[in-house]
>>> print(open('data20.cif').read())   # mmCIF, C-alpha atoms
data_run
loop_
_atom_site.group_PDB
_atom_site.id
_atom_site.type_symbol
_atom_site.label_atom_id
_atom_site.label_comp_id
_atom_site.auth_asym_id
_atom_site.auth_seq_id
_atom_site.Cartn_x
_atom_site.Cartn_y
_atom_site.Cartn_z
ATOM 1 C CA MET A 1 -13.597 53.870 78.373
ATOM 2 C CA GLU A 2 -9.911 53.139 77.782
ATOM 3 C CA ASN A 3 -9.121 51.301 74.545
ATOM 4 C CA VAL A 4 -5.733 49.800 75.366
ATOM 5 C CA THR A 5 -5.427 47.735 72.199
ATOM 6 C CA GLU A 6 -5.638 50.875 70.063
ATOM 7 C CA SER A 7 -3.460 53.063 72.263
ATOM 8 C CA ASN A 8 -0.274 54.537 70.875
ATOM 9 C CA SER A 9 2.887 52.442 70.982
ATOM 10 C CA ILE A 10 5.496 53.524 73.530
ATOM 11 C CA TYR A 11 8.018 53.241 70.694
ATOM 12 C CA ASP A 12 8.297 55.659 67.802
ATOM 13 C CA HIS A 13 10.281 56.074 64.592
ATOM 14 C CA LEU A 14 10.137 52.326 64.011
ATOM 15 C CA ASP A 15 10.960 52.911 60.364
ATOM 16 C CA LYS A 16 14.274 54.445 61.435
ATOM 17 C CA MET A 17 15.331 51.568 63.724
ATOM 18 C CA ASN A 18 17.921 49.003 62.758
ATOM 19 C CA THR A 19 17.072 45.287 62.868
ATOM 20 C CA LEU A 20 18.535 44.676 66.318
ATOM 21 C CA ASP A 21 16.595 47.534 67.884
ATOM 22 C CA LEU A 22 13.373 46.304 66.276
ATOM 23 C CA LEU A 23 13.892 42.778 67.564
ATOM 24 C CA ASN A 24 14.857 43.914 71.050
ATOM 25 C CA GLY A 25 11.830 46.180 71.220
ATOM 26 C CA ILE A 26 9.437 43.406 70.183
ATOM 27 C CA ASN A 27 11.036 40.985 72.621
ATOM 28 C CA THR A 28 10.856 43.505 75.461
ATOM 29 C CA GLU A 29 7.133 43.870 74.868
ATOM 30 C CA ASP A 30 6.600 40.119 74.539
ATOM 31 C CA LYS A 31 8.061 39.610 78.024
ATOM 32 C CA LYS A 32 5.083 41.493 79.431
ATOM 33 C CA VAL A 33 2.566 39.008 78.052
ATOM 34 C CA ALA A 34 3.149 36.106 80.435
ATOM 35 C CA ILE A 35 2.796 38.416 83.438
ATOM 36 C CA ALA A 36 -0.493 39.780 82.103
ATOM 37 C CA VAL A 37 -1.783 36.227 81.636
ATOM 38 C CA GLU A 38 -0.570 35.227 85.114
ATOM 39 C CA ASN A 39 -2.698 37.996 86.578
ATOM 40 C CA GLU A 40 -5.763 36.370 84.986
ATOM 41 C CA ILE A 41 -5.206 32.862 86.371
ATOM 42 C CA PRO A 42 -7.961 33.218 89.031
ATOM 43 C CA ALA A 43 -10.432 34.169 86.293
ATOM 44 C CA ILE A 44 -9.256 31.321 84.056
ATOM 45 C CA GLU A 45 -9.574 28.873 86.964
ATOM 46 C CA ARG A 46 -13.171 29.877 87.625
ATOM 47 C CA PHE A 47 -14.064 29.459 83.984
ATOM 48 C CA VAL A 48 -12.326 26.092 83.530
ATOM 49 C CA ASP A 49 -14.077 24.648 86.572
ATOM 50 C CA ALA A 50 -17.481 25.848 85.366
ATOM 51 C CA CYS A 51 -16.890 24.617 81.813
ATOM 52 C CA PHE A 52 -15.682 21.235 83.061
ATOM 53 C CA GLU A 53 -18.940 20.668 84.942
ATOM 54 C CA ARG A 54 -20.784 20.935 81.637
ATOM 55 C CA MET A 55 -18.294 19.061 79.480
ATOM 56 C CA LYS A 56 -18.250 16.026 81.774
ATOM 57 C CA LEU A 57 -22.003 15.776 81.128
ATOM 58 C CA GLY A 58 -21.470 15.859 77.370
ATOM 59 C CA GLY A 59 -21.300 19.589 76.716
ATOM 60 C CA ARG A 60 -19.139 21.041 73.979
ATOM 61 C CA LEU A 61 -16.743 23.991 73.897
ATOM 62 C CA PHE A 62 -17.044 26.594 71.144
ATOM 63 C CA TYR A 63 -14.482 29.284 70.332
ATOM 64 C CA LEU A 64 -15.786 32.213 68.322
ATOM 65 C CA GLY A 65 -13.834 35.154 66.940
ATOM 66 C CA ALA A 66 -12.815 37.232 63.937
ATOM 67 C CA GLY A 67 -9.447 37.757 62.257
ATOM 68 C CA THR A 68 -6.448 36.757 64.352
ATOM 69 C CA SER A 69 -8.678 35.971 67.328
ATOM 70 C CA GLY A 70 -10.827 33.637 65.257
ATOM 71 C CA ARG A 71 -7.807 31.915 63.731
ATOM 72 C CA LEU A 72 -6.321 31.283 67.169
ATOM 73 C CA GLY A 73 -9.572 29.661 68.283
ATOM 74 C CA VAL A 74 -9.673 27.475 65.175
ATOM 75 C CA VAL A 75 -6.064 26.397 65.743
ATOM 76 C CA ASP A 76 -6.645 25.447 69.373
ATOM 77 C CA ALA A 77 -9.838 23.542 68.563
ATOM 78 C CA SER A 78 -8.273 21.707 65.627
ATOM 79 C CA GLU A 79 -5.369 20.489 67.764
ATOM 80 C CA CYS A 80 -7.558 18.867 70.433
ATOM 81 C CA PRO A 81 -8.590 15.728 68.477
ATOM 82 C CA PRO A 82 -5.059 14.623 67.476
ATOM 83 C CA THR A 83 -3.555 15.581 70.838
ATOM 84 C CA PHE A 84 -6.206 14.186 73.152
ATOM 85 C CA GLY A 85 -8.168 11.730 71.005
ATOM 86 C CA ILE A 86 -11.515 13.498 71.307
ATOM 87 C CA GLY A 87 -14.104 13.729 68.538
ATOM 88 C CA HIS A 88 -13.897 16.640 66.129
ATOM 89 C CA GLY A 89 -17.180 18.103 67.356
ATOM 90 C CA ILE A 90 -16.235 18.427 71.030
ATOM 91 C CA VAL A 91 -14.095 21.579 70.770
ATOM 92 C CA VAL A 92 -15.114 23.721 67.812
ATOM 93 C CA GLY A 93 -13.568 26.884 66.399
ATOM 94 C CA LEU A 94 -15.758 29.324 64.466
ATOM 95 C CA ILE A 95 -14.399 32.345 62.606
ATOM 96 C CA ALA A 96 -16.210 35.316 61.079
ATOM 97 C CA GLY A 97 -16.323 34.780 57.332
ATOM 98 C CA GLY A 98 -16.136 30.983 57.585
ATOM 99 C CA ASP A 99 -13.225 28.735 56.748
ATOM 100 C CA THR A 100 -12.146 31.052 53.908
ATOM 101 C CA ALA A 101 -11.193 33.615 56.547
ATOM 102 C CA ILE A 102 -8.640 31.258 58.076
ATOM 103 C CA ARG A 103 -6.271 32.055 55.195
ATOM 104 C CA LYS A 104 -7.652 35.276 53.737
ATOM 105 C CA ALA A 105 -9.413 38.177 55.424
ATOM 106 C CA VAL A 106 -13.116 38.459 54.581
ATOM 107 C CA GLU A 107 -14.050 42.132 54.434
ATOM 108 C CA PHE A 108 -16.452 43.379 57.110
ATOM 109 C CA ALA A 109 -17.291 39.830 58.299
ATOM 110 C CA GLU A 110 -16.515 40.813 61.889
ATOM 111 C CA ASP A 111 -19.049 43.658 61.729
ATOM 112 C CA ASP A 112 -22.068 41.350 61.266
ATOM 113 C CA ARG A 113 -23.741 41.231 64.664
ATOM 114 C CA GLU A 114 -26.126 38.413 63.710
ATOM 115 C CA GLN A 115 -23.816 35.970 61.933
ATOM 116 C CA GLY A 116 -21.994 34.705 65.016
ATOM 117 C CA TRP A 117 -25.172 33.290 66.492
ATOM 118 C CA LEU A 118 -26.223 31.887 63.106
ATOM 119 C CA ASP A 119 -22.892 30.055 62.913
ATOM 120 C CA LEU A 120 -23.439 28.622 66.387
ATOM 121 C CA ALA A 121 -27.037 27.657 65.624
ATOM 122 C CA VAL A 122 -25.869 25.472 62.730
ATOM 123 C CA CYS A 123 -24.088 23.364 65.372
ATOM 124 C CA ASN A 124 -27.346 22.814 67.312
ATOM 125 C CA VAL A 125 -25.959 24.274 70.530
ATOM 126 C CA SER A 126 -27.663 23.369 73.803
ATOM 127 C CA GLU A 127 -27.623 24.494 77.431
ATOM 128 C CA LEU A 128 -24.765 22.093 78.173
ATOM 129 C CA ASP A 129 -22.495 23.897 75.704
ATOM 130 C CA THR A 130 -20.025 26.697 76.397
ATOM 131 C CA VAL A 131 -19.102 29.593 74.116
ATOM 132 C CA VAL A 132 -15.838 31.509 74.409
ATOM 133 C CA GLY A 133 -15.846 34.808 72.556
ATOM 134 C CA ILE A 134 -12.346 35.908 71.534
ATOM 135 C CA ALA A 135 -11.795 39.548 70.620
ATOM 136 C CA ALA A 136 -8.687 41.556 71.455
ATOM 137 C CA SER A 137 -10.672 44.797 71.447
ATOM 138 C CA GLY A 138 -13.562 43.276 73.377
ATOM 139 C CA ARG A 139 -16.050 44.947 71.093
ATOM 140 C CA THR A 140 -16.211 42.894 67.849
ATOM 141 C CA PRO A 141 -19.891 42.796 66.729
ATOM 142 C CA TYR A 142 -19.665 39.191 65.431
ATOM 143 C CA VAL A 143 -18.610 38.071 68.914
ATOM 144 C CA ILE A 144 -20.790 40.379 70.990
ATOM 145 C CA GLY A 145 -23.969 39.478 69.108
ATOM 146 C CA ALA A 146 -23.287 35.752 69.442
ATOM 147 C CA LEU A 147 -22.626 35.923 73.190
ATOM 148 C CA GLU A 148 -25.738 37.986 73.804
ATOM 149 C CA ARG A 149 -27.901 35.311 72.180
ATOM 150 C CA ALA A 150 -25.955 32.487 73.806
ATOM 151 C CA LYS A 151 -26.627 33.921 77.269
ATOM 152 C CA GLN A 152 -30.317 34.345 76.472
ATOM 153 C CA VAL A 153 -30.714 30.630 75.776
ATOM 154 C CA GLY A 154 -28.690 29.474 78.787
ATOM 155 C CA LEU A 155 -25.252 28.697 77.397
ATOM 156 C CA LEU A 156 -22.203 29.323 79.565
ATOM 157 C CA THR A 157 -20.123 32.180 78.181
ATOM 158 C CA ALA A 158 -16.572 33.423 78.538
ATOM 159 C CA GLY A 159 -14.769 36.294 76.857
ATOM 160 C CA ILE A 160 -11.060 36.642 76.126
ATOM 161 C CA SER A 161 -10.069 40.232 75.416
ATOM 162 C CA CYS A 162 -7.211 42.594 76.154
ATOM 163 C CA ASN A 163 -9.252 45.700 76.918
ATOM 164 C CA PRO A 164 -10.343 46.155 80.536
ATOM 165 C CA ASP A 165 -13.907 47.437 80.889
ATOM 166 C CA SER A 166 -14.834 46.457 77.316
ATOM 167 C CA PRO A 167 -18.345 45.361 76.231
ATOM 168 C CA LEU A 168 -17.126 41.744 76.150
ATOM 169 C CA PHE A 169 -15.786 42.049 79.696
ATOM 170 C CA HIS A 170 -19.201 43.128 80.954
ATOM 171 C CA LEU A 171 -21.182 40.664 78.820
ATOM 172 C CA ALA A 172 -19.412 37.344 79.424
ATOM 173 C CA ASP A 173 -20.188 35.192 82.455
ATOM 174 C CA PHE A 174 -16.441 34.661 82.804
ATOM 175 C CA PRO A 175 -14.354 37.563 81.444
ATOM 176 C CA ILE A 176 -10.651 36.855 80.983
ATOM 177 C CA THR A 177 -8.748 40.045 80.256
ATOM 178 C CA PRO A 178 -4.944 39.976 80.117
ATOM 179 C CA ASN A 179 -3.953 43.639 79.835
ATOM 180 C CA VAL A 180 -0.783 43.517 77.750
ATOM 181 C CA GLY A 181 -0.634 47.265 77.121
ATOM 182 C CA PRO A 182 -0.039 49.035 73.811
ATOM 183 C CA GLU A 183 1.295 46.984 70.905
ATOM 184 C CA PHE A 184 4.814 47.515 69.541
ATOM 185 C CA VAL A 185 3.190 48.593 66.276
ATOM 186 C CA THR A 186 0.190 50.676 67.280
ATOM 187 C CA GLY A 187 -3.019 48.618 67.040
ATOM 188 C CA SER A 188 -1.357 45.445 65.710
ATOM 189 C CA THR A 189 -3.196 43.033 67.985
ATOM 190 C CA ARG A 190 -1.792 39.979 66.218
ATOM 191 C CA MET A 191 1.294 40.657 68.359
ATOM 192 C CA LYS A 192 1.039 40.838 72.166
ATOM 193 C CA SER A 193 -2.734 40.488 72.289
ATOM 194 C CA GLY A 194 -2.636 37.472 69.993
ATOM 195 C CA THR A 195 0.131 35.882 72.050
ATOM 196 C CA ALA A 196 -1.870 36.407 75.238
ATOM 197 C CA GLN A 197 -4.973 34.879 73.678
ATOM 198 C CA LYS A 198 -2.979 31.854 72.510
ATOM 199 C CA LEU A 199 -1.547 31.329 76.003
ATOM 200 C CA VAL A 200 -5.004 31.523 77.568
ATOM 201 C CA LEU A 201 -6.475 29.101 75.021
ATOM 202 C CA ASN A 202 -3.634 26.653 75.695
ATOM 203 C CA MET A 203 -4.412 26.833 79.404
ATOM 204 C CA ILE A 204 -8.145 26.348 78.913
ATOM 205 C CA SER A 205 -8.066 23.406 76.510
ATOM 206 C CA THR A 206 -5.138 21.588 78.128
ATOM 207 C CA SER A 207 -6.489 21.820 81.663
ATOM 208 C CA LEU A 208 -9.965 20.751 80.510
ATOM 209 C CA MET A 209 -8.618 17.735 78.639
ATOM 210 C CA ILE A 210 -6.551 16.695 81.661
ATOM 211 C CA LYS A 211 -9.583 17.022 83.930
ATOM 212 C CA LEU A 212 -11.603 14.963 81.435
ATOM 213 C CA GLY A 213 -9.088 12.138 81.776
ATOM 214 C CA LYS A 214 -7.279 12.513 78.458
ATOM 215 C CA VAL A 215 -3.826 12.589 80.087
ATOM 216 C CA LYS A 216 -2.336 9.932 82.346
ATOM 217 C CA GLY A 217 0.580 11.034 84.479
ATOM 218 C CA ASN A 218 2.108 13.485 82.037
ATOM 219 C CA LYS A 219 1.432 11.507 78.835
ATOM 220 C CA MET A 220 -1.048 12.049 75.990
ATOM 221 C CA VAL A 221 -2.325 8.489 76.164
ATOM 222 C CA ASP A 222 -5.246 9.058 73.770
ATOM 223 C CA MET A 223 -3.382 10.933 71.030
ATOM 224 C CA GLN A 224 -4.139 10.003 67.427
ATOM 225 C CA LEU A 225 -1.401 8.115 65.593
ATOM 226 C CA SER A 226 -1.357 10.412 62.584
ATOM 227 C CA ASN A 227 2.345 10.267 61.697
ATOM 228 C CA LEU A 228 5.493 8.239 62.314
ATOM 229 C CA LYS A 229 6.724 10.631 65.001
ATOM 230 C CA LEU A 230 3.592 10.044 67.055
ATOM 231 C CA VAL A 231 3.758 6.282 66.536
ATOM 232 C CA ASP A 232 7.314 6.359 67.881
ATOM 233 C CA ARG A 233 6.281 8.570 70.800
ATOM 234 C CA GLY A 234 3.380 6.276 71.657
ATOM 235 C CA THR A 235 5.598 3.214 71.434
ATOM 236 C CA ARG A 236 8.047 4.697 73.897
ATOM 237 C CA MET A 237 5.208 5.651 76.241
ATOM 238 C CA ILE A 238 4.095 2.035 76.308
ATOM 239 C CA MET A 239 7.667 0.838 76.905
ATOM 240 C CA SER A 240 8.031 3.136 79.906
ATOM 241 C CA GLU A 241 4.697 2.030 81.333
ATOM 242 C CA ILE A 242 4.963 -1.754 81.060
ATOM 243 C CA GLU A 243 8.679 -2.375 80.396
ATOM 244 C CA ILE A 244 8.550 -4.346 77.165
ATOM 245 C CA SER A 245 10.616 -4.234 73.974
ATOM 246 C CA TYR A 246 10.193 -1.519 71.380
ATOM 247 C CA GLU A 247 8.982 -4.049 68.824
ATOM 248 C CA LEU A 248 6.284 -5.475 71.075
ATOM 249 C CA ALA A 249 5.194 -2.016 72.213
ATOM 250 C CA GLU A 250 4.863 -0.872 68.602
ATOM 251 C CA GLU A 251 2.863 -3.975 67.723
ATOM 252 C CA LEU A 252 0.506 -3.410 70.645
ATOM 253 C CA LEU A 253 0.058 0.243 69.724
ATOM 254 C CA LYS A 254 -0.777 -0.488 66.108
ATOM 255 C CA THR A 255 -3.121 -3.293 67.108
ATOM 256 C CA HIS A 256 -5.106 -1.334 69.691
ATOM 257 C CA GLY A 257 -4.809 2.192 68.296
ATOM 258 C CA SER A 258 -3.882 4.124 71.426
ATOM 259 C CA VAL A 259 -1.392 4.069 74.267
ATOM 260 C CA ARG A 260 -4.196 3.786 76.826
ATOM 261 C CA LYS A 261 -5.834 0.759 75.195
ATOM 262 C CA ALA A 262 -2.527 -0.968 74.513
ATOM 263 C CA VAL A 263 -1.425 -0.706 78.139
ATOM 264 C CA GLU A 264 -4.824 -1.628 79.586
ATOM 265 C CA ILE A 265 -5.258 -4.709 77.385
ATOM 266 C CA PHE A 266 -1.690 -5.879 77.958
ATOM 267 C CA LYS A 267 -2.140 -5.664 81.731
ATOM 268 C CA GLU A 268 -5.503 -7.450 81.575
ATOM 269 C CA ASN A 269 -3.929 -10.371 79.676
ATOM 270 C CA ARG A 270 -0.865 -10.831 81.842
#
>>> encode(input="data20.cif", output="structure tokens")
Amino acid sequence: MENVTESNSIYDHLDKMNTLDLLNGINTEDKKVAIAVENEIPAIERFVDACFERMKLGGRLFYLGAGTSGRLGVVDASECPPTFGIGHGIVVGLIAGGDTAIRKAVEFAEDDREQGWLDLAVCNVSELDTVVGIAASGRTPYVIGALERAKQVGLLTAGISCNPDSPLFHLADFPITPNVGPEFVTGSTRMKSGTAQKLVLNMISTSLMIKLGKVKGNKMVDMQLSNLKLVDRGTRMIMSEIEISYELAEELLKTHGSVRKAVEIFKENR
């Protein structure tokens, strides 16, 4: 079984390169990532459609991973509430070693085959829920163990890895496997593999939120107003939708709490 993520870099003598050569080499490799992700769009489409059928009935989406993979899942999940106005428990990121591992590596946490499922069980998962295992290698025990149990109890499962023919590829209901090739620094999967995983997660969460009605036209009409920049953005969205002054749009936004509600209530009262 080929282990692409651990295969030797096509570059050598990195410690002898000057800065420009290092940067050009990294950039050359990064250009391969989008193509690898593009090749997986049919697989991503199938998964998004299946996940949507459950989420529209109240199901939740769980990301589960270790190290860089886990952190990427946590980041994507944590950005869904402010961006799309959903509750914090709808898209959930779980990382081996718990929240401590977001900032500092927890030794051997990824090697615990039972803990992934225990972390999911705390969230009272049900058959409507979906679990996405994220592991560049496709063989992380924390992820594999969790997906095995998830499938046994009827949860929908997907796996994002960068190793074709990996255990995760064969285990997940919906394997998504962008093959980005060897890393610039041998085995450093925070680089191309991590970038590919981030792109896939962006595609999954954004398309799901759009399908769930959290975007109107091309605007984030349910975004949380958590800073002045977003208040200004929301105000301008309202102005473009109903052609009123900035001051009135801002007042409506602050009164009703979201672009969607402000526009709907204004139109109802006209």
>>> closest_residue(input="data20.cif", among="A:Asp232, A:Asp76, A:Glu183, A:Asp165", to="Glu247 (chain A)", atoms="only C-alpha atoms")
A:Asp232
>>> atom_distance(input="data20.cif", atom1="CA of Pro167 (chain A)", atom2="CA of Ser193 (chain A)")
16.8 Å
>>> closest_atom_pairs(input="data20.cif", of="region 64-163 of chain A", to="region 39-59 of chain A", cutoff="7 Å", atoms="all atoms listed in the file", output="Markdown table")
| residue | atom | partner | partner_atom | distance |
| --- | --- | --- | --- | --- |
| A:Leu128 | CA | A:Gly59 | CA | 4.5 |
| A:Asp129 | CA | A:Gly59 | CA | 4.6 |
| A:Thr130 | CA | A:Cys51 | CA | 6.6 |
>>> resolve_selection(input="data20.cif", expression="the PyMOL selection byres ((chain A and resi 33) around 10)", output="list of chain:residue names")
A:Thr28, A:Glu29, A:Asp30, A:Lys31, A:Lys32, A:Ala34, A:Ile35, A:Ala36, A:Val37, A:Glu38, A:Pro178, A:Asn179, A:Val180, A:Gly181, A:Met191, A:Lys192, A:Ser193, A:Gly194, A:Thr195, A:Ala196, A:Gln197, A:Leu199
>>> resolve_selection(input="data20.cif", expression="the PyMOL selection byres ((chain A and resi 261-266) around 9)", output="NGL selection string")
:A and (221-222 or 238 or 241-242 or 249 or 252-260 or 267-270)
>>> resolve_selection(input="data20.cif", expression="the PyMOL selection byres ((chain A and resi 125) around 10)", output="ChimeraX atom specification")
/A:59-62,117,120-124,126-131,150,153,155
>>> atom_distance(input="data20.cif", atom1="CA of Ser137 (chain A)", atom2="CA of Glu6 (chain A)")
8.0 Å
>>> atom_distance(input="data20.cif", atom1="CA of Thr83 (chain A)", atom2="CA of Val200 (chain A)")
17.4 Å
>>> residues_around(input="data20.cif", residues="Ile86 (chain A)", least_positions_apart="4", cutoff="9 Å", atoms="all atoms listed in the file", output="ChimeraX atom specification")
/A:80-82,90-91,209,214,222-223
>>> residues_near_point(input="data20.cif", point="(-20.9, 39.1, 64.4)", cutoff="10 Å", atoms="all atoms listed in the file", output="VMD selection string")
chain A and resid 64 to 66 95 to 97 108 to 119 140 to 147
>>> closest_residue(input="data20.cif", among="A:Phe184, A:Gly213, A:Ser161, A:Lys198", to="Asn27 (chain A)", atoms="only C-alpha atoms")
A:Phe184
>>> axis_aligned_box(input="data20.cif", around="region 116-126 of chain A", padding_each_side="5 Å", output="JSON")
{"center_x": -24.8, "center_y": 28.8, "center_z": 68.3, "size_x": 15.7, "size_y": 21.9, "size_z": 21.1}
>>> closest_residue(input="data20.cif", among="A:Ile160, A:Val106, A:Leu14, A:Val92", to="Ser69 (chain A)", atoms="all atoms listed in the file")
A:Ile160
>>> residues_around(input="data20.cif", residues="Ala172 (chain A)", least_positions_apart="3", cutoff="8 Å", atoms="only C-alpha atoms", output="PDB file with C-alpha atoms, in the frame of the given file")
ATOM      1  CA  LEU A 147     -22.626  35.923  73.190  1.00  0.00           C
ATOM      2  CA  THR A 157     -20.123  32.180  78.181  1.00  0.00           C
ATOM      3  CA  ALA A 158     -16.572  33.423  78.538  1.00  0.00           C
ATOM      4  CA  GLY A 159     -14.769  36.294  76.857  1.00  0.00           C
ATOM      5  CA  LEU A 168     -17.126  41.744  76.150  1.00  0.00           C
ATOM      6  CA  PHE A 169     -15.786  42.049  79.696  1.00  0.00           C
ATOM      7  CA  PRO A 175     -14.354  37.563  81.444  1.00  0.00           C
TER       8      PRO A 175
END
>>> closest_residue(input="data20.cif", among="A:Asn3, A:Gly85, A:Gly67, A:Val185", to="Asp99 (chain A)", atoms="all atoms listed in the file")
A:Gly67
>>> decode(input="data20.cif", residues="region 233-247 of chain A", atoms="N, CA and C atoms", output="PDB file, in the first residue's frame")
ATOM      1  N   ARG A 233     -20.704  45.856   7.270  1.00  0.00           N
ATOM      2  CA  ARG A 233     -21.014  45.004   6.121  1.00  0.00           C
ATOM      3  C   ARG A 233     -22.507  44.720   6.047  1.00  0.00           C
ATOM      4  N   GLY A 234     -23.102  44.379   7.201  1.00  0.00           N
ATOM      5  CA  GLY A 234     -24.529  44.096   7.230  1.00  0.00           C
ATOM      6  C   GLY A 234     -25.365  45.304   6.852  1.00  0.00           C
ATOM      7  N   THR A 235     -24.935  46.476   7.311  1.00  0.00           N
ATOM      8  CA  THR A 235     -25.654  47.704   6.981  1.00  0.00           C
ATOM      9  C   THR A 235     -25.673  47.929   5.478  1.00  0.00           C
ATOM     10  N   ARG A 236     -24.532  47.718   4.852  1.00  0.00           N
ATOM     11  CA  ARG A 236     -24.451  47.927   3.408  1.00  0.00           C
ATOM     12  C   ARG A 236     -25.236  46.866   2.640  1.00  0.00           C
ATOM     13  N   MET A 237     -25.314  45.658   3.185  1.00  0.00           N
ATOM     14  CA  MET A 237     -26.159  44.635   2.561  1.00  0.00           C
ATOM     15  C   MET A 237     -27.614  45.083   2.549  1.00  0.00           C
ATOM     16  N   ILE A 238     -28.063  45.609   3.662  1.00  0.00           N
ATOM     17  CA  ILE A 238     -29.447  46.074   3.762  1.00  0.00           C
ATOM     18  C   ILE A 238     -29.689  47.214   2.782  1.00  0.00           C
ATOM     19  N   MET A 239     -28.747  48.154   2.714  1.00  0.00           N
ATOM     20  CA  MET A 239     -28.879  49.289   1.790  1.00  0.00           C
ATOM     21  C   MET A 239     -29.037  48.823   0.348  1.00  0.00           C
ATOM     22  N   SER A 240     -28.254  47.806  -0.025  1.00  0.00           N
ATOM     23  CA  SER A 240     -28.316  47.331  -1.415  1.00  0.00           C
ATOM     24  C   SER A 240     -29.591  46.569  -1.693  1.00  0.00           C
ATOM     25  N   GLU A 241     -30.200  46.021  -0.650  1.00  0.00           N
ATOM     26  CA  GLU A 241     -31.403  45.210  -0.825  1.00  0.00           C
ATOM     27  C   GLU A 241     -32.670  46.060  -0.866  1.00  0.00           C
ATOM     28  N   ILE A 242     -32.738  47.096  -0.041  1.00  0.00           N
ATOM     29  CA  ILE A 242     -33.996  47.853   0.042  1.00  0.00           C
ATOM     30  C   ILE A 242     -33.814  49.353  -0.193  1.00  0.00           C
ATOM     31  N   GLU A 243     -32.622  49.767  -0.597  1.00  0.00           N
ATOM     32  CA  GLU A 243     -32.362  51.141  -1.034  1.00  0.00           C
ATOM     33  C   GLU A 243     -32.820  52.184  -0.012  1.00  0.00           C
ATOM     34  N   ILE A 244     -32.215  52.128   1.152  1.00  0.00           N
ATOM     35  CA  ILE A 244     -32.463  53.125   2.189  1.00  0.00           C
ATOM     36  C   ILE A 244     -31.139  53.729   2.616  1.00  0.00           C
ATOM     37  N   SER A 245     -31.174  54.729   3.474  1.00  0.00           N
ATOM     38  CA  SER A 245     -29.951  55.401   3.913  1.00  0.00           C
ATOM     39  C   SER A 245     -29.117  54.495   4.819  1.00  0.00           C
ATOM     40  N   TYR A 246     -27.859  54.820   4.918  1.00  0.00           N
ATOM     41  CA  TYR A 246     -26.957  54.061   5.790  1.00  0.00           C
ATOM     42  C   TYR A 246     -27.459  54.100   7.222  1.00  0.00           C
ATOM     43  N   GLU A 247     -27.881  55.265   7.671  1.00  0.00           N
ATOM     44  CA  GLU A 247     -28.305  55.427   9.063  1.00  0.00           C
ATOM     45  C   GLU A 247     -29.530  54.575   9.380  1.00  0.00           C
TER      46      GLU A 247
END
